[in-house]
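Taking it in order: structure first as structure tokens, then the write-up.
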Amino acid sequence: MNDRTTTTAGGSAPGADGPTQGFVLAGTASGVGKTVATLAVLQALEDAGHEPVAAKAGPDFIDPSHHAVVTGSPSRTLDTWMQGVDGVRRSIARSAGDFVVVEGMMGLYDGSVTSTAATAAALDLPVVLVVDASAGMQSVGATALGFREYAAHTPLPEDARTDFDGDPPSLDVVGVLAQRAHGGRHAEGIRESLPDGIAFVGRIPPTEELEIPDRHLGLRMGDEAPIDPATIADAAGAIDVEALRDVAGPPARPASGPNGASGSDRIAGSDRVAGSDRVAEADAGTDAGSSDGHRPTVAVAQDAAFRFVYPAVRERLAALAAVEPFAPVAGEDLPACDAVYLPGGYPELHADALADSPALSTIADRAAEGLPILGECGGLMALSESLTTTAGDTHEMAGVLPGAVRMRDRYQALDHVDLHARRDTPAATAGETHRGHEFHYSSHALAGTAATASSGDAAVDPDTDARFAFDVRRGEGIDGDHDGLTTYRTVGTYAHRHADSGMIDRLVAAARGQE
């Protein structure tokens, strides 16, 4: 795995505009085994001499981490709600490889504001359906036929429909990958059951070694519980690469070009839907937005507690600033920097280490001095006064933001969000609309907070000092109506936002003192 070639079987070297062919690997439902199927397909393509580009429809962080183990490259996040149609197309066009494989979210048609179907339509890519064949044979054909025909009876999510110039491309189910299917008579029976126009592209054998363990936020990350490479290689042997090549199609190109402005730069009423409108400058190697060429340093927490970062966010940070990673869980202090980014992750699993980390105390001190700090979900939790686990153990956190966080036994929010910026902060400009996603098992309460925080100098009175950066138009946020709790120049949100929201540009501007 992870060996790259300069030419591709049955094709040519990757072009400057990204992959020249690909498909969307969609499921009939959640839990059907899309991630394992995607890993096997990626490995099969690589074994055949291709340079596959992995991508994930929707806002997920975990599945892409497993893709990266196989390909050795970050998996692209594709979300029409957060990025717009052109943003999704641009993400693929900027990828290095010749063959894109997009793992779907949930079932093919599931989702309110985006879906696997919306992603396939945005990219104008054919769909290969992953069907659980463990207890079926002819019924696999009936399922595939039903999913193909249903495309004519259901519209795309409204936002995806309105983001196309003219009518959106039609959705085309062109193949079936049989999950948990035996070889021999079972596989042949599935092949024979498929109607004309739907190809059998292979199978994933039933084996426990292909299961990925999970926990409360989904599967375990790729670097925590990777599937044995030999097991993936065995599964890849049952994939028909020639059939995949036959059904693949070229991905749609962005109207603005691979380095053009964000597809999310749309005007909605009187609100500007924020987007990164300086991507071309950053890609050209210039320090976008800086008249003096100064590249500020942004410290990014990066360890077992802080690990949910979209690749586009990392890339945008690297384009605009010097990135200095640090690991609070490992006892590393906050490095010298002009701003801090605390992404989401699993602070609840490392609360002891975080409470003892010198980084939280330093962050509290620097926050009081006016250092711009952005925390998302897990970052919000670490910036709050305290964190109480499901076992009832309470740990002091940084105390920069007022409020106590408590872990719950079931998720408290799971949806795409729509946020309206109430004021200028290091997270957004007043009047902007930012789109993102929230998924968390914790709740945050301003009332009944801990009496003390890890740094008394940074403790705040929630009645006088705490403000919110965003009104929530869709989603839950922190209190049902607001997100982005802010004090000093620190903002903590439950929402995860994509780079196309413009959040990184705003944070870097704050680091330069330009907000």
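Here's how to read the names in the structure tokens: chain A, B, ... by the order shown, residue numbers from 1 in each chain, ligand numbers from 1 in the order shown.
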Selection: 6 Å around range 107-113 of chain A, only C-alpha atoms, excl. self and same-chain fewer than 3 positions, as an mmCIF file with N, CA, C and O atoms, in the first residue's frame:
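And here is the file that came out, out_7.cif:
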data_model
loop_
_atom_site.group_PDB
_atom_site.id
_atom_site.type_symbol
_atom_site.label_atom_id
_atom_site.label_comp_id
_atom_site.auth_asym_id
_atom_site.auth_seq_id
_atom_site.Cartn_x
_atom_site.Cartn_y
_atom_site.Cartn_z
ATOM 1 N N ALA A 26 -21.938 4.196 -3.244
ATOM 2 C CA ALA A 26 -23.073 4.538 -2.375
ATOM 3 C C ALA A 26 -23.627 3.301 -1.700
ATOM 4 O O ALA A 26 -23.541 2.190 -2.237
ATOM 5 N N GLY A 27 -24.221 3.479 -0.549
ATOM 6 C CA GLY A 27 -24.828 2.373 0.172
ATOM 7 C C GLY A 27 -26.339 2.372 0.054
ATOM 8 O O GLY A 27 -26.954 3.392 -0.260
ATOM 9 N N THR A 28 -26.928 1.234 0.310
ATOM 10 C CA THR A 28 -28.384 1.173 0.381
ATOM 11 C C THR A 28 -28.879 1.728 1.711
ATOM 12 O O THR A 28 -30.043 2.116 1.825
ATOM 13 N N ALA A 29 -27.988 1.766 2.710
ATOM 14 C CA ALA A 29 -28.335 2.282 4.032
ATOM 15 C C ALA A 29 -27.054 2.445 4.822
ATOM 16 O O ALA A 29 -25.977 1.985 4.406
ATOM 17 N N SER A 30 -27.147 3.089 5.969
ATOM 18 C CA SER A 30 -26.011 3.150 6.882
ATOM 19 C C SER A 30 -25.701 1.741 7.389
ATOM 20 O O SER A 30 -26.601 0.915 7.552
ATOM 21 N N THR A 116 -25.643 11.651 -0.562
ATOM 22 C CA THR A 116 -24.759 11.024 -1.530
ATOM 23 C C THR A 116 -25.241 11.318 -2.946
ATOM 24 O O THR A 116 -24.434 11.575 -3.854
ATOM 25 N N ALA A 117 -26.548 11.295 -3.144
ATOM 26 C CA ALA A 117 -27.104 11.604 -4.459
ATOM 27 C C ALA A 117 -26.731 13.015 -4.892
ATOM 28 O O ALA A 117 -26.394 13.250 -6.063
ATOM 29 N N PRO A 157 -31.697 17.468 -2.569
ATOM 30 C CA PRO A 157 -31.944 18.507 -1.565
ATOM 31 C C PRO A 157 -32.010 19.880 -2.222
ATOM 32 O O PRO A 157 -31.302 20.160 -3.199
#
For Val130 in chain A, list every protein, DNA or RNA residue within 12 Å, evaluated using only C-alpha atoms, and leave out those in the same chain fewer than 6 positions away; present the list as number ranges by chain. A: 24-38, 41, 103-108, 140-141, 143-144, 147, 173-181, 200-204
Shell around Ala469 in chain A at 10 Å using only C-alpha atoms, local window under 5 positions removed, as a compact mmCIF listing (two decimals) with all heavy atoms, in the first residue's frame:
# COMPACT_ATOMS: atom_id res chain seq x y z
N LEU A 419 -25.32 29.28 10.49
CA LEU A 419 -25.01 30.26 11.52
C LEU A 419 -24.95 31.66 10.93
O LEU A 419 -24.36 31.87 9.86
CB LEU A 419 -23.67 29.94 12.19
CG LEU A 419 -23.48 28.52 12.71
CD1 LEU A 419 -22.06 28.35 13.26
CD2 LEU A 419 -24.50 28.20 13.80
N HIS A 420 -25.54 32.63 11.63
CA HIS A 420 -25.48 34.04 11.22
C HIS A 420 -24.60 34.80 12.20
O HIS A 420 -24.86 34.82 13.41
CB HIS A 420 -26.89 34.65 11.21
CG HIS A 420 -26.91 36.11 10.91
ND1 HIS A 420 -26.67 36.61 9.65
CD2 HIS A 420 -27.12 37.19 11.71
CE1 HIS A 420 -26.75 37.93 9.68
NE2 HIS A 420 -27.02 38.31 10.91
N ALA A 421 -23.54 35.41 11.68
CA ALA A 421 -22.58 36.12 12.55
C ALA A 421 -23.21 37.40 13.10
O ALA A 421 -23.62 38.28 12.35
CB ALA A 421 -21.32 36.44 11.77
N ARG A 422 -23.22 37.51 14.41
CA ARG A 422 -23.82 38.66 15.09
C ARG A 422 -22.88 39.85 15.17
O ARG A 422 -23.32 40.99 15.25
CB ARG A 422 -24.23 38.26 16.52
CG ARG A 422 -25.07 37.02 16.62
CD ARG A 422 -25.38 36.66 18.06
NE ARG A 422 -26.35 37.59 18.65
CZ ARG A 422 -26.65 37.61 19.95
NH1 ARG A 422 -26.03 36.78 20.78
NH2 ARG A 422 -27.53 38.45 20.40
N ARG A 423 -21.57 39.58 15.17
CA ARG A 423 -20.58 40.64 15.36
C ARG A 423 -19.25 40.19 14.75
O ARG A 423 -19.07 39.02 14.41
CB ARG A 423 -20.39 40.93 16.84
CG ARG A 423 -20.02 39.68 17.66
CD ARG A 423 -19.78 40.00 19.13
NE ARG A 423 -20.88 40.70 19.73
CZ ARG A 423 -21.96 40.11 20.25
NH1 ARG A 423 -22.04 38.79 20.22
NH2 ARG A 423 -22.92 40.80 20.80
N ASP A 424 -18.33 41.12 14.64
CA ASP A 424 -16.99 40.78 14.18
C ASP A 424 -16.24 40.04 15.29
O ASP A 424 -16.18 40.51 16.42
CB ASP A 424 -16.21 42.05 13.83
CG ASP A 424 -16.71 42.71 12.56
OD1 ASP A 424 -17.51 42.09 11.84
OD2 ASP A 424 -16.30 43.86 12.30
N THR A 425 -15.68 38.89 14.95
CA THR A 425 -14.85 38.11 15.86
C THR A 425 -13.74 37.45 15.03
O THR A 425 -13.79 37.48 13.79
CB THR A 425 -15.66 37.00 16.58
OG1 THR A 425 -16.08 36.02 15.60
CG2 THR A 425 -16.88 37.57 17.30
N PRO A 426 -12.78 36.81 15.68
CA PRO A 426 -11.80 36.04 14.90
C PRO A 426 -12.40 34.84 14.17
O PRO A 426 -11.70 34.15 13.43
CB PRO A 426 -10.80 35.58 15.98
CG PRO A 426 -10.90 36.60 17.04
CD PRO A 426 -12.36 36.97 17.08
N ALA A 427 -13.71 34.58 14.37
CA ALA A 427 -14.36 33.45 13.72
C ALA A 427 -15.16 33.84 12.48
O ALA A 427 -15.43 32.99 11.62
CB ALA A 427 -15.30 32.74 14.69
N ALA A 428 -15.57 35.10 12.37
CA ALA A 428 -16.42 35.53 11.26
C ALA A 428 -16.57 37.04 11.29
O ALA A 428 -16.29 37.70 12.30
CB ALA A 428 -17.80 34.88 11.34
N THR A 429 -17.05 37.59 10.18
CA THR A 429 -17.36 39.01 10.06
C THR A 429 -18.86 39.19 10.24
O THR A 429 -19.65 38.39 9.74
CB THR A 429 -16.92 39.55 8.68
OG1 THR A 429 -15.51 39.36 8.55
CG2 THR A 429 -17.26 41.02 8.53
N ALA A 430 -19.26 40.22 10.93
CA ALA A 430 -20.67 40.48 11.19
C ALA A 430 -21.48 40.44 9.90
O ALA A 430 -21.08 41.00 8.88
CB ALA A 430 -20.83 41.83 11.86
N HIS A 482 -27.96 29.93 19.91
CA HIS A 482 -26.69 30.61 19.65
C HIS A 482 -25.54 29.60 19.61
O HIS A 482 -25.61 28.54 20.22
CB HIS A 482 -26.39 31.65 20.74
CG HIS A 482 -27.51 32.60 21.01
ND1 HIS A 482 -28.41 32.41 22.04
CD2 HIS A 482 -27.86 33.75 20.39
CE1 HIS A 482 -29.29 33.40 22.02
NE2 HIS A 482 -28.98 34.22 21.04
N ASP A 483 -24.48 30.01 18.92
CA ASP A 483 -23.23 29.25 18.92
C ASP A 483 -22.09 30.26 18.93
O ASP A 483 -22.29 31.45 18.70
CB ASP A 483 -23.14 28.34 17.70
CG ASP A 483 -22.19 27.17 17.91
OD1 ASP A 483 -21.58 27.07 19.00
OD2 ASP A 483 -22.05 26.33 16.99
N GLY A 484 -20.90 29.78 19.21
CA GLY A 484 -19.75 30.66 19.20
C GLY A 484 -19.66 31.52 20.46
O GLY A 484 -19.67 32.75 20.39
N LEU A 485 -19.54 30.88 21.61
CA LEU A 485 -19.33 31.62 22.86
C LEU A 485 -18.00 32.36 22.77
O LEU A 485 -16.98 31.79 22.36
CB LEU A 485 -19.33 30.64 24.03
CG LEU A 485 -19.41 31.22 25.44
CD1 LEU A 485 -20.71 32.00 25.64
CD2 LEU A 485 -19.32 30.09 26.47
N THR A 486 -18.00 33.64 23.14
CA THR A 486 -16.79 34.43 22.94
C THR A 486 -16.49 35.33 24.12
O THR A 486 -17.39 35.94 24.71
CB THR A 486 -16.90 35.28 21.65
OG1 THR A 486 -15.73 36.08 21.50
CG2 THR A 486 -18.14 36.16 21.64
N THR A 487 -15.22 35.38 24.50
CA THR A 487 -14.67 36.36 25.43
C THR A 487 -13.30 36.76 24.91
O THR A 487 -12.65 35.99 24.20
CB THR A 487 -14.52 35.79 26.86
OG1 THR A 487 -13.65 34.66 26.82
CG2 THR A 487 -15.86 35.37 27.44
N VAL A 491 -13.12 32.42 20.57
CA VAL A 491 -14.44 31.95 20.16
C VAL A 491 -14.45 30.43 20.21
O VAL A 491 -13.53 29.77 19.71
CB VAL A 491 -14.79 32.41 18.73
CG1 VAL A 491 -16.19 31.92 18.34
CG2 VAL A 491 -14.71 33.92 18.60
N GLY A 492 -15.49 29.87 20.84
CA GLY A 492 -15.65 28.42 20.87
C GLY A 492 -17.01 28.04 20.33
O GLY A 492 -18.03 28.53 20.81
N THR A 493 -17.05 27.17 19.32
CA THR A 493 -18.29 26.72 18.70
C THR A 493 -18.46 25.22 18.83
O THR A 493 -17.48 24.48 18.92
CB THR A 493 -18.33 27.07 17.19
OG1 THR A 493 -17.38 26.25 16.50
CG2 THR A 493 -18.04 28.54 16.95
*asked:* Taking only C-alpha atoms into account, name the residue in A:Thr119, A:Gln138, A:Ser443, A:Ser95 that is nearest to Gly477 in chain A.
replied: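 Closest candidate: A:Ser443.
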Of A:Pro206, A:Pro372, A:Arg76, A:Gly136, the one nearest to Gly189 in chain A when counting only C-alpha atoms is A:Gly136
